[in-house]
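Student: Sharing coords.cif (mmCIF, C-alpha atoms (C1' of nucleotides)) below.
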```
data_start
loop_
_atom_site.label_atom_id
_atom_site.label_comp_id
_atom_site.auth_asym_id
_atom_site.auth_seq_id
_atom_site.Cartn_x
_atom_site.Cartn_y
_atom_site.Cartn_z
CA MET A 1 54.32 -0.10 71.37
CA ASN A 2 54.03 -3.04 69.00
CA PHE A 3 57.09 -4.65 67.43
CA PRO A 4 55.78 -7.30 65.01
CA SER A 5 59.29 -7.87 63.65
CA LEU A 6 60.50 -9.08 67.04
CA LYS A 7 58.56 -12.36 67.09
CA SER A 8 61.88 -14.05 66.42
CA LEU A 9 62.91 -13.10 69.97
CA GLN A 10 60.71 -15.94 71.22
CA ASP A 11 62.99 -18.43 69.54
CA VAL A 12 66.09 -17.16 71.29
CA ASN A 13 67.31 -18.86 74.44
CA ILE A 14 68.26 -15.59 76.05
CA GLU A 15 70.32 -16.98 78.91
CA GLN A 16 72.32 -19.16 76.57
CA PHE A 17 72.78 -16.30 74.12
CA GLN A 18 74.11 -14.02 76.85
CA HIS A 19 76.48 -16.70 78.05
CA ASP A 20 77.84 -17.55 74.59
CA LEU A 21 78.29 -13.90 73.69
CA ILE A 22 79.90 -12.74 76.92
CA SER A 23 82.17 -15.79 77.21
CA TRP A 24 83.46 -15.13 73.72
CA TYR A 25 84.02 -11.47 74.58
CA GLN A 26 85.95 -12.22 77.76
CA GLU A 27 88.20 -14.53 75.76
CA GLU A 28 88.68 -12.50 72.59
CA LYS A 29 88.28 -8.83 73.48
CA ARG A 30 90.96 -6.50 72.25
CA ASP A 31 93.28 -4.81 74.71
CA LEU A 32 92.19 -1.21 74.17
CA PRO A 33 93.41 1.81 76.15
CA TRP A 34 89.92 2.82 77.31
CA ARG A 35 89.34 -0.65 78.73
CA LYS A 36 92.07 -0.28 81.34
CA ASP A 37 89.63 1.16 83.89
CA GLN A 38 86.03 2.28 84.14
CA ASP A 39 86.63 5.97 84.77
CA PRO A 40 83.38 7.54 83.49
CA TYR A 41 85.29 10.49 82.03
CA LYS A 42 87.59 8.27 79.99
CA VAL A 43 84.70 6.05 78.90
CA TRP A 44 82.94 9.23 77.80
CA VAL A 45 85.92 10.56 75.85
CA SER A 46 86.38 7.22 74.10
CA GLU A 47 82.71 6.98 73.14
CA ILE A 48 82.69 10.46 71.63
CA MET A 49 85.86 9.74 69.67
CA LEU A 50 84.45 6.43 68.45
CA GLN A 51 81.36 8.03 66.93
CA GLN A 52 81.61 7.33 63.19
CA THR A 53 85.31 6.58 63.68
CA ARG A 54 87.23 3.31 63.67
CA VAL A 55 89.02 1.91 66.70
CA ASP A 56 92.45 1.94 65.04
CA THR A 57 92.08 5.61 64.20
CA VAL A 58 90.98 6.54 67.70
CA ILE A 59 93.70 4.80 69.75
CA PRO A 60 96.51 7.37 69.34
CA TYR A 61 94.10 10.30 69.68
CA PHE A 62 92.65 8.85 72.87
CA ASN A 63 96.06 8.33 74.46
CA ASN A 64 97.18 11.85 73.61
CA PHE A 65 93.89 13.41 74.69
CA VAL A 66 93.70 11.84 78.15
CA ASP A 67 97.39 12.59 78.60
CA LYS A 68 96.78 16.30 77.95
CA PHE A 69 93.35 16.42 79.62
CA PRO A 70 93.35 13.61 82.21
CA THR A 71 90.28 14.72 84.16
CA ILE A 72 86.95 16.52 83.86
CA GLU A 73 88.55 19.46 85.59
CA ALA A 74 91.51 19.59 83.21
CA LEU A 75 89.31 19.56 80.12
CA ALA A 76 86.88 22.07 81.58
CA ASP A 77 89.71 24.50 82.27
CA ALA A 78 91.52 24.05 78.95
CA GLU A 79 91.60 26.56 76.10
CA GLU A 80 89.39 25.59 73.18
CA GLU A 81 92.37 26.15 70.87
CA ALA A 82 94.31 23.45 72.69
CA VAL A 83 91.35 21.09 72.66
CA LEU A 84 90.81 21.50 68.92
CA LYS A 85 94.52 20.93 68.34
CA ALA A 86 94.26 17.61 70.17
CA TRP A 87 91.33 16.69 67.91
CA GLU A 88 93.03 17.87 64.70
CA GLY A 89 92.54 15.34 61.92
CA LEU A 90 89.91 13.31 63.73
CA GLY A 91 86.96 15.03 62.08
CA TYR A 92 83.46 16.00 63.20
CA TYR A 93 84.94 18.78 65.30
CA SER A 94 81.64 19.74 66.92
CA ARG A 95 82.04 16.51 68.90
CA VAL A 96 84.90 17.92 70.93
CA ARG A 97 83.43 21.40 71.26
CA ASN A 98 80.23 19.81 72.58
CA LEU A 99 82.29 17.57 74.86
CA GLN A 100 84.02 20.53 76.44
CA THR A 101 80.70 22.31 76.88
CA ALA A 102 79.27 19.20 78.55
CA VAL A 103 82.30 18.67 80.77
CA ARG A 104 82.02 22.24 82.01
CA GLU A 105 78.36 21.54 82.80
CA VAL A 106 79.36 18.45 84.77
CA LYS A 107 81.95 20.45 86.67
CA ASP A 108 79.56 23.29 87.49
CA GLN A 109 76.23 21.48 87.94
CA TYR A 110 77.16 17.95 89.06
CA GLY A 111 80.19 18.60 91.26
CA GLY A 112 82.52 17.12 88.67
CA LYS A 113 80.88 13.68 88.73
CA VAL A 114 79.42 12.34 85.48
CA PRO A 115 75.72 11.81 86.20
CA ASP A 116 74.42 8.25 86.27
CA THR A 117 70.80 8.62 85.22
CA LYS A 118 69.51 8.42 81.67
CA GLU A 119 67.75 11.77 81.94
CA GLU A 120 70.66 13.75 83.32
CA ILE A 121 73.35 12.28 81.13
CA SER A 122 71.22 12.61 78.00
CA SER A 123 70.80 16.31 78.67
CA LEU A 124 74.53 16.87 78.21
CA LYS A 125 75.68 18.40 74.93
CA GLY A 126 76.71 15.77 72.41
CA VAL A 127 75.37 12.83 74.44
CA GLY A 128 72.66 11.09 72.45
CA PRO A 129 70.85 7.76 72.84
CA TYR A 130 73.88 5.65 71.98
CA THR A 131 76.45 7.47 74.09
CA SER A 132 74.22 7.72 77.15
CA GLY A 133 73.59 3.97 77.04
CA ALA A 134 77.27 3.24 76.51
CA ILE A 135 78.44 5.34 79.45
CA LEU A 136 75.68 4.07 81.75
CA SER A 137 76.38 0.43 80.99
CA ILE A 138 80.18 0.52 80.76
CA ALA A 139 81.00 2.97 83.55
CA TYR A 140 78.07 2.36 85.91
CA GLY A 141 76.80 -1.14 85.09
CA VAL A 142 73.29 0.03 84.24
CA PRO A 143 71.42 -2.32 81.83
CA GLU A 144 70.68 0.27 79.12
CA PRO A 145 70.92 -0.47 75.39
CA ALA A 146 73.76 1.17 73.44
CA VAL A 147 72.67 0.83 69.84
CA ASP A 148 75.16 1.89 67.20
CA GLY A 149 75.72 0.74 63.64
CA ASN A 150 77.45 -2.43 64.78
CA VAL A 151 74.60 -3.40 67.07
CA MET A 152 71.94 -2.76 64.44
CA ARG A 153 73.83 -4.95 61.99
CA VAL A 154 74.36 -7.78 64.50
CA ILE A 155 70.82 -7.74 65.86
CA SER A 156 69.25 -7.43 62.43
CA ARG A 157 70.98 -10.70 61.54
CA ILE A 158 70.39 -12.52 64.82
CA LEU A 159 66.68 -11.72 64.82
CA SER A 160 66.22 -11.38 61.04
CA ILE A 161 64.96 -7.81 61.22
CA TRP A 162 64.36 -6.27 57.81
CA GLU A 163 63.66 -2.69 58.85
CA ASP A 164 65.71 -0.06 57.01
CA ILE A 165 68.44 0.90 59.48
CA ALA A 166 69.00 4.16 57.61
CA LYS A 167 65.70 5.40 59.04
CA ALA A 168 65.93 7.19 62.35
CA SER A 169 62.81 5.46 63.60
CA SER A 170 64.40 2.02 63.29
CA ARG A 171 66.76 2.57 66.19
CA LYS A 172 63.93 2.12 68.69
CA ILE A 173 63.18 -1.35 67.40
CA PHE A 174 66.76 -2.42 68.04
CA GLU A 175 66.77 -0.75 71.45
CA GLU A 176 63.71 -2.74 72.39
CA ALA A 177 65.36 -5.95 71.21
CA VAL A 178 68.52 -5.23 73.20
CA ARG A 179 66.45 -4.29 76.25
CA GLN A 180 65.05 -7.82 76.23
CA LEU A 181 68.34 -9.53 75.45
CA ILE A 182 70.75 -7.61 77.65
CA SER A 183 72.43 -9.27 80.61
CA LYS A 184 71.35 -7.69 83.88
CA GLU A 185 74.40 -9.19 85.59
CA ASP A 186 76.96 -7.73 83.17
CA PRO A 187 75.46 -5.14 80.85
CA SER A 188 78.91 -3.63 80.26
CA SER A 189 80.33 -6.81 78.77
CA PHE A 190 77.09 -7.51 76.93
CA ASN A 191 76.99 -4.17 75.12
CA GLN A 192 80.69 -4.16 74.35
CA ALA A 193 80.47 -7.76 73.18
CA LEU A 194 77.78 -6.90 70.64
CA MET A 195 79.97 -4.13 69.24
CA GLU A 196 83.12 -6.26 69.34
CA LEU A 197 81.27 -9.00 67.49
CA GLY A 198 80.18 -6.49 64.86
CA ALA A 199 83.74 -5.25 64.46
CA LEU A 200 85.51 -8.61 64.38
CA ILE A 201 83.07 -11.29 63.19
CA CYS A 202 79.69 -9.96 62.09
CA THR A 203 81.21 -7.51 59.61
CA PRO A 204 79.27 -5.55 56.99
CA THR A 205 80.50 -7.66 54.08
CA SER A 206 81.36 -11.35 54.23
CA PRO A 207 80.71 -11.99 57.94
CA SER A 208 82.73 -14.84 59.47
CA CYS A 209 79.76 -16.92 60.52
CA LEU A 210 81.81 -20.08 60.92
CA LEU A 211 83.75 -18.34 63.70
CA CYS A 212 80.71 -16.76 65.32
CA PRO A 213 80.07 -17.64 68.96
CA VAL A 214 76.32 -17.03 68.62
CA ARG A 215 75.84 -18.67 65.23
CA ASP A 216 73.41 -21.19 66.73
CA HIS A 217 71.17 -18.31 67.82
CA CYS A 218 71.28 -16.47 64.49
CA HIS A 219 68.16 -16.46 62.30
CA ALA A 220 69.95 -14.95 59.32
CA PHE A 221 72.60 -17.67 59.39
CA HIS A 222 70.03 -20.44 59.54
CA GLU A 223 68.15 -18.90 56.65
CA GLY A 224 71.34 -18.14 54.73
CA VAL A 225 70.52 -14.43 54.38
CA GLN A 226 73.30 -12.91 56.45
CA GLN A 227 74.71 -11.19 53.37
CA GLU A 228 71.40 -9.44 52.72
CA LEU A 229 71.14 -7.93 56.19
CA PRO A 230 70.97 -5.29 57.39
CA VAL A 231 68.72 -3.44 54.97
CA LYS A 232 70.07 0.05 54.45
CA THR A 233 69.01 2.54 51.80
CA LYS A 234 71.72 4.72 50.35
CA LYS A 235 72.30 8.39 50.47
CA LYS A 236 72.04 11.12 47.89
CA ASN A 237 74.63 12.55 45.55
CA MET A 238 77.11 15.03 46.80
CA ARG A 239 77.85 18.60 45.98
CA HIS A 240 81.10 19.90 44.49
CA VAL A 241 82.57 23.25 45.52
CA HIS A 242 85.45 24.81 43.58
CA LEU A 243 87.79 26.84 45.78
CA GLY A 244 90.85 28.96 45.22
CA ALA A 245 93.25 29.06 48.17
CA ALA A 246 96.53 30.88 48.61
CA VAL A 247 99.54 30.70 50.86
CA ILE A 248 100.89 34.22 51.15
CA ALA A 249 104.37 34.63 52.61
CA THR A 250 106.66 37.52 53.44
CA ASP A 251 110.43 37.63 53.10
CA GLU A 252 110.58 37.68 56.89
CA GLY A 253 108.92 34.27 57.02
CA ASP A 254 105.37 35.15 57.97
CA VAL A 255 102.29 33.54 56.44
CA LEU A 256 98.66 34.62 56.49
CA ILE A 257 96.04 32.43 58.16
CA GLN A 258 92.44 32.93 59.23
CA LYS A 259 89.96 31.32 61.60
CA ARG A 260 86.76 29.75 60.27
CA PRO A 261 83.32 30.77 61.57
CA GLU A 262 82.18 29.43 64.94
CA SER A 263 79.46 27.27 63.42
CA GLY A 264 79.10 25.04 60.39
CA LEU A 265 81.76 23.13 58.51
CA LEU A 266 85.12 22.85 60.33
CA ALA A 267 83.96 25.42 62.84
CA ASN A 268 86.71 27.41 64.58
CA LEU A 269 89.51 25.64 62.75
CA TRP A 270 92.28 27.64 61.06
CA GLU A 271 92.84 27.75 57.32
CA PHE A 272 94.64 29.57 54.55
CA PRO A 273 92.71 32.35 52.82
CA ASN A 274 90.35 30.92 50.23
CA VAL A 275 87.28 31.81 48.24
CA GLU A 276 84.67 29.92 46.30
CA LEU A 277 85.37 30.38 42.62
CA SER A 278 82.54 31.53 40.41
CA GLY A 279 84.13 30.35 37.18
CA ALA A 280 84.02 33.88 35.77
CA GLY A 281 87.65 34.79 35.04
CA ASN A 282 90.57 32.59 35.99
CA PRO A 283 91.20 31.42 39.57
CA LYS A 284 94.33 33.57 39.95
CA MET A 285 92.41 36.74 39.11
CA GLU A 286 89.50 35.85 41.34
CA LEU A 287 91.85 35.20 44.25
CA GLU A 288 93.75 38.46 43.75
CA LEU A 289 90.48 40.38 43.65
CA PHE A 290 89.43 38.57 46.82
CA PHE A 291 92.62 39.63 48.61
CA ARG A 292 92.12 43.23 47.56
CA LYS A 293 88.51 43.39 48.72
CA GLU A 294 88.63 41.26 51.87
CA TYR A 295 92.14 41.90 53.18
CA GLY A 296 93.12 45.19 51.60
CA LEU A 297 96.19 43.45 50.18
CA ASP A 298 97.67 43.83 46.71
CA VAL A 299 98.97 40.35 46.06
CA GLU A 300 100.74 39.15 42.93
CA LEU A 301 100.30 35.39 42.90
CA GLN A 302 102.48 33.03 40.92
CA ALA A 303 101.02 32.49 37.47
CA GLU A 304 100.55 28.76 37.89
CA SER A 305 98.84 26.99 40.77
CA ILE A 306 101.19 24.89 42.89
CA ALA A 307 98.63 22.15 43.52
CA LYS A 308 95.15 20.97 42.83
CA ILE A 309 93.74 19.27 45.89
CA GLN A 310 90.53 17.31 46.04
CA HIS A 311 89.09 16.76 49.48
CA VAL A 312 86.05 14.55 50.00
CA PHE A 313 83.73 15.13 52.96
CA SER A 314 80.75 12.94 53.76
CA HIS A 315 78.36 15.41 52.15
CA LEU A 316 80.44 17.50 49.73
CA THR A 317 83.69 17.65 47.79
CA TRP A 318 86.16 20.51 47.69
CA ASP A 319 88.24 20.99 44.56
CA ILE A 320 90.94 23.43 45.61
CA ASP A 321 93.31 25.30 43.30
CA VAL A 322 96.27 26.28 45.46
CA TYR A 323 98.39 29.36 44.68
CA TYR A 324 101.52 30.81 46.20
CA GLY A 325 102.51 34.45 46.50
CA LYS A 326 105.10 36.70 48.13
CA ILE A 327 104.17 40.06 49.58
CA LYS A 328 105.58 42.77 51.80
CA LYS A 329 104.16 42.48 55.28
CA SER A 330 101.33 44.92 55.86
CA PRO A 331 98.31 45.10 58.15
CA VAL A 332 95.24 43.07 57.16
CA THR A 333 91.69 44.35 57.45
CA LYS A 334 89.84 41.06 57.60
CA GLU A 335 88.62 39.83 60.97
CA LYS A 336 90.01 36.66 62.54
CA SER A 337 92.99 36.71 60.22
CA GLN A 338 96.62 37.17 61.20
CA TRP A 339 100.25 36.83 60.18
CA VAL A 340 102.09 34.00 61.89
CA LYS A 341 105.67 32.78 61.75
CA LYS A 342 106.17 29.76 59.53
CA GLY A 343 107.46 27.74 62.46
CA GLU A 344 104.31 28.47 64.44
CA VAL A 345 101.77 27.29 61.89
CA GLU A 346 101.87 23.83 63.44
CA HIS A 347 100.57 25.20 66.74
CA PHE A 348 97.19 25.97 65.15
CA ALA A 349 94.52 23.38 64.40
CA PHE A 350 93.90 22.95 60.67
CA SER A 351 91.62 20.61 58.77
CA VAL A 352 93.38 17.90 56.80
CA SER A 353 92.79 19.65 53.48
CA HIS A 354 94.62 22.75 54.69
CA GLN A 355 97.39 20.67 56.20
CA LYS A 356 97.92 19.35 52.68
CA ILE A 357 97.98 22.90 51.36
CA TRP A 358 100.62 23.89 53.90
CA GLN A 359 102.74 20.84 53.14
CA ARG A 360 102.71 21.63 49.42
CA ALA A 361 103.48 25.31 49.99
CA GLN A 362 106.54 24.52 52.07
CA GLU A 363 107.90 22.36 49.27
CA GLU A 364 107.30 25.25 46.90
CA ALA A 365 109.07 27.74 49.17
CA LYS A 366 112.18 25.55 49.23
CA SER A 367 112.41 25.25 45.44
"C1'" DA B 368 62.27 13.03 58.66
"C1'" DA B 369 66.12 14.95 56.43
"C1'" DA B 370 70.29 17.40 56.17
"C1'" DG B 371 74.80 18.90 57.95
"C1'" DC B 372 78.90 17.40 59.81
"C1'" DG B 373 85.41 14.64 58.63
"C1'" DG B 374 88.31 11.58 57.58
"C1'" DG B 375 90.16 7.13 56.63
"C1'" DG B 376 90.14 2.19 55.42
"C1'" DG B 377 88.35 -2.00 53.12
"C1'" DC B 378 87.04 -4.05 49.03
"C1'" DG C 379 84.43 3.75 42.76
"C1'" DC C 380 81.30 2.79 46.87
"C1'" DC C 381 80.37 1.68 51.65
"C1'" DC C 382 81.09 1.91 56.34
"C1'" DC C 383 82.57 3.36 60.69
"C1'" DA C 384 81.23 2.49 69.10
"C1'" DG C 385 76.13 9.28 66.05
"C1'" DC C 386 74.45 13.95 67.36
"C1'" DT C 387 72.43 18.42 66.35
"C1'" DT C 388 69.82 21.41 63.78
"C1'" DT C 389 66.20 22.47 60.71
#
```
Render the structure in this file as structure tokens.
Tutor:
Amino acid sequence: MNFPSLKSLQDVNIEQFQHDLISWYQEEKRDLPWRKDQDPYKVWVSEIMLQQTRVDTVIPYFNNFVDKFPTIEALADAEEEAVLKAWEGLGYYSRVRNLQTAVREVKDQYGGKVPDTKEEISSLKGVGPYTSGAILSIAYGVPEPAVDGNVMRVISRILSIWEDIAKASSRKIFEEAVRQLISKEDPSSFNQALMELGALICTPTSPSCLLCPVRDHCHAFHEGVQQELPVKTKKKNMRHVHLGAAVIATDEGDVLIQKRPESGLLANLWEFPNVELSGAGNPKMELELFFRKEYGLDVELQAESIAKIQHVFSHLTWDIDVYYGKIKKSPVTKEKSQWVKKGEVEHFAFSVSHQKIWQRAQEEAKS
DNA sequence: AAAGCGGGGGC
DNA sequence: GCCCCAGCTTT
């Protein structure tokens, strides 16, 4: 394959670059919980959590997760409900469902040992090009690239690469660059150093070039174009969905919840009954009709909504009108729905938007 | 190649 | 408000 944009590699003193980068990393690296050992399982968990998620967000989740599921075996044998609960609020929930699927595969097919070849590890559910390289280099010391958003940003500046990093095909260019730059003696520190540099120094906006340990190797800095790199085209507009949701409670202190479908958005998480509003009629009427048809319940909701909640996803926005209603307890006909005690709601995994709904409803119940 | 998939923080 | 974040899977 031909990489015309990598001619700048010839200008880089690779040995010196490795030394400057790794020395800085050894001196400045943050004390993070997944850096306490090289247990492949814990490296794996951390890398999945860190996908599209900041370090500060991940730290408490990681500590709780490895406390509850300390080994491959423990996670493989856990209930999915418990695993989702441990992931609650972290987002991209398919990550953890794929992780459990993959861990069970490791237990059954690899004797409980995380495989150490690119082919085997890449075949595991949820392990893509980045994660396989990260686990191989960090846990096993294999000199494989681990190219994430940080690395593309850093390398695009160092080598002055103007490819659009939003394109899937661009990743291979950066992998090839890293393959030539990576330290064979310490690929773990090298890969983590690139990401640490991207997080601490070579940031998306206003990079701290004057503090950069590899400034002397950086083409973008010498040309004064570090602010213009990387090139990244932007995404499309997002969709709005208008929902009506209701918290239905009995005098005995039960509330109605339901489980979302096993695929798609927020798969297998719990939520309060809700329906997409058509705009024909008012939300209260549409919701009451929905309860009659889907649950076989005659609900009289409060006339006014108790909250309007907007929740922004990466690809769509929910505008939720929240209602509250009291009802006599009676059997429900809808599948995957059930009455639960108010005090037990917290044992189920909800998306953040429905956690907000529950919080608001409890305030309403008190008043 | 493009779309679907969460949630939070920085500016 | 927009952009980004230690990306992967499905279509």
Student: Within 10 Å of (72.3, 14.5, 57.4) in the file's own coordinates, which protein, DNA or RNA residues have an atom, counting all atoms listed in the file? List them as an NGL selection string.
Tutor: (:A and (235 or 314-315)) or (:B and (369-372)) or (:C and (387-388))
Student: Wanna dump the chain C-chain A contacts at 6 Å for me, each residue with its shortest atom pair and the distance in Å to one decimal, counting all atoms listed in the file, ordered by chain and number, as JSON lines?
Tutor:
```
{"residue": "C:DC383", "atom": "C1'", "partner": "A:Gln52", "partner_atom": "CA", "distance": 4.8}
{"residue": "C:DA384", "atom": "C1'", "partner": "A:Leu50", "partner_atom": "CA", "distance": 5.1}
{"residue": "C:DG385", "atom": "C1'", "partner": "A:Gln51", "partner_atom": "CA", "distance": 5.4}
{"residue": "C:DC386", "atom": "C1'", "partner": "A:Gly126", "partner_atom": "CA", "distance": 5.8}
```
Student: Taking the file as shown, what set of residues would the PyMOL selection byres ((chain A) within 7 of (chain B)) give back, as an mmCIF file with C-alpha atoms, in the coordinates of the input?
Tutor:
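The resulting file, expr31.cif, is shown below:
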```
data_model
loop_
_atom_site.group_PDB
_atom_site.id
_atom_site.type_symbol
_atom_site.label_atom_id
_atom_site.label_comp_id
_atom_site.auth_asym_id
_atom_site.auth_seq_id
_atom_site.Cartn_x
_atom_site.Cartn_y
_atom_site.Cartn_z
ATOM 1 C CA LEU A 90 89.910 13.310 63.730
ATOM 2 C CA GLY A 91 86.960 15.030 62.080
ATOM 3 C CA TYR A 92 83.460 16.000 63.200
ATOM 4 C CA LEU A 265 81.760 23.130 58.510
ATOM 5 C CA PHE A 313 83.730 15.130 52.960
ATOM 6 C CA SER A 314 80.750 12.940 53.760
#
```
Student: Just so the selection is clear, what residues does the PyMOL selection byres ((chain A and resi 318-331) around 9) cover here, as a VMD selection string?
Tutor: chain A and resid 239 to 252 254 274 283 to 284 287 295 to 313 316 to 317 332 to 333 338 to 339 353 357 360 to 361 364 to 365
Student: Give me the result of the PyMOL selection byres ((chain A and resi 268) around 10) on this file, residue by residue, as a ChimeraX atom specification.
Tutor: /A:80-81,84,93-94,97,258-267,269-271,349-350
Student: What does the distance from CA of Ala139 in chain A to CA of Tyr41 in chain A come to in Å, to one decimal?
Tutor: 8.8 Å
Student: What is the CA of Pro143 in chain A to CA of Pro187 in chain A distance in Å?
Tutor: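 One can read the CA of Pro143 in chain A to CA of Pro187 in chain A distance as 5.0 Å.
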Student: Give me the residues near Arg215 in chain A as a list in words, where near means some atom within 12 Å (using all atoms listed in the file) and where sequence neighbours in that chain fewer than 5 positions away do not count.
Tutor: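 In the requested format, the answer is Val12, Gln16, Phe17, Asp20, Leu21, Trp24, Val154, Arg157, Ile158, Leu159, Leu197, Ile201, Cys202, Pro207, Ser208, Cys209, Leu210, Ala220, Phe221, His222, Glu223, Gly224 and Gln226 of chain A.
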Student: Please measure the separation of CA of Asp164 in chain A and CA of Met152 in chain A, giving the value in Å to one decimal.
Tutor: 10.1 Å
Student: Hey, could you patch up range 73-80 of chain A with all heavy atoms and hand it over as a PDB file, keeping the file's coordinate frame?
Tutor:
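Now in result-v4.pdb:
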```
ATOM      1  N   GLU A  73      88.063  18.138  85.211  1.00  0.00           N
ATOM      2  CA  GLU A  73      88.550  19.460  85.590  1.00  0.00           C
ATOM      3  C   GLU A  73      89.545  20.001  84.559  1.00  0.00           C
ATOM      4  O   GLU A  73      89.466  21.149  84.126  1.00  0.00           O
ATOM      5  CB  GLU A  73      89.228  19.358  86.960  1.00  0.00           C
ATOM      6  CG  GLU A  73      89.826  20.638  87.454  1.00  0.00           C
ATOM      7  CD  GLU A  73      88.921  21.352  88.445  1.00  0.00           C
ATOM      8  OE1 GLU A  73      87.779  20.907  88.649  1.00  0.00           O
ATOM      9  OE2 GLU A  73      89.367  22.348  88.998  1.00  0.00           O
ATOM     10  N   ALA A  74      90.474  19.160  84.145  1.00  0.00           N
ATOM     11  CA  ALA A  74      91.510  19.590  83.210  1.00  0.00           C
ATOM     12  C   ALA A  74      90.898  19.996  81.867  1.00  0.00           C
ATOM     13  O   ALA A  74      91.286  21.009  81.276  1.00  0.00           O
ATOM     14  CB  ALA A  74      92.537  18.472  83.002  1.00  0.00           C
ATOM     15  N   LEU A  75      89.932  19.227  81.395  1.00  0.00           N
ATOM     16  CA  LEU A  75      89.310  19.560  80.120  1.00  0.00           C
ATOM     17  C   LEU A  75      88.428  20.798  80.243  1.00  0.00           C
ATOM     18  O   LEU A  75      88.395  21.642  79.344  1.00  0.00           O
ATOM     19  CB  LEU A  75      88.484  18.377  79.599  1.00  0.00           C
ATOM     20  CG  LEU A  75      87.835  18.585  78.230  1.00  0.00           C
ATOM     21  CD1 LEU A  75      88.869  18.934  77.166  1.00  0.00           C
ATOM     22  CD2 LEU A  75      87.032  17.363  77.816  1.00  0.00           C
ATOM     23  N   ALA A  76      87.746  20.907  81.366  1.00  0.00           N
ATOM     24  CA  ALA A  76      86.880  22.070  81.580  1.00  0.00           C
ATOM     25  C   ALA A  76      87.690  23.357  81.579  1.00  0.00           C
ATOM     26  O   ALA A  76      87.233  24.393  81.094  1.00  0.00           O
ATOM     27  CB  ALA A  76      86.112  21.913  82.893  1.00  0.00           C
ATOM     28  N   ASP A  77      88.894  23.300  82.128  1.00  0.00           N
ATOM     29  CA  ASP A  77      89.710  24.500  82.270  1.00  0.00           C
ATOM     30  C   ASP A  77      90.606  24.785  81.071  1.00  0.00           C
ATOM     31  O   ASP A  77      91.288  25.808  81.038  1.00  0.00           O
ATOM     32  CB  ASP A  77      90.599  24.384  83.531  1.00  0.00           C
ATOM     33  CG  ASP A  77      89.772  24.366  84.813  1.00  0.00           C
ATOM     34  OD1 ASP A  77      88.593  24.770  84.738  1.00  0.00           O
ATOM     35  OD2 ASP A  77      90.293  23.945  85.854  1.00  0.00           O
ATOM     36  N   ALA A  78      90.609  23.894  80.083  1.00  0.00           N
ATOM     37  CA  ALA A  78      91.520  24.050  78.950  1.00  0.00           C
ATOM     38  C   ALA A  78      91.020  25.103  77.972  1.00  0.00           C
ATOM     39  O   ALA A  78      89.834  25.429  77.914  1.00  0.00           O
ATOM     40  CB  ALA A  78      91.688  22.707  78.236  1.00  0.00           C
ATOM     41  N   GLU A  79      91.950  25.653  77.187  1.00  0.00           N
ATOM     42  CA  GLU A  79      91.600  26.560  76.100  1.00  0.00           C
ATOM     43  C   GLU A  79      91.010  25.749  74.950  1.00  0.00           C
ATOM     44  O   GLU A  79      91.513  24.675  74.624  1.00  0.00           O
ATOM     45  CB  GLU A  79      92.852  27.286  75.592  1.00  0.00           C
ATOM     46  CG  GLU A  79      93.529  28.180  76.609  1.00  0.00           C
ATOM     47  CD  GLU A  79      92.771  29.485  76.807  1.00  0.00           C
ATOM     48  OE1 GLU A  79      91.908  29.787  75.948  1.00  0.00           O
ATOM     49  OE2 GLU A  79      93.033  30.163  77.807  1.00  0.00           O
ATOM     50  N   GLU A  80      89.974  26.308  74.310  1.00  0.00           N
ATOM     51  CA  GLU A  80      89.390  25.590  73.180  1.00  0.00           C
ATOM     52  C   GLU A  80      90.424  25.357  72.071  1.00  0.00           C
ATOM     53  O   GLU A  80      90.407  24.320  71.397  1.00  0.00           O
ATOM     54  CB  GLU A  80      88.186  26.343  72.597  1.00  0.00           C
ATOM     55  CG  GLU A  80      87.481  25.530  71.529  1.00  0.00           C
ATOM     56  CD  GLU A  80      86.450  26.316  70.740  1.00  0.00           C
ATOM     57  OE1 GLU A  80      86.804  26.928  69.714  1.00  0.00           O
ATOM     58  OE2 GLU A  80      85.279  26.294  71.146  1.00  0.00           O
TER      59      GLU A  80
END
```
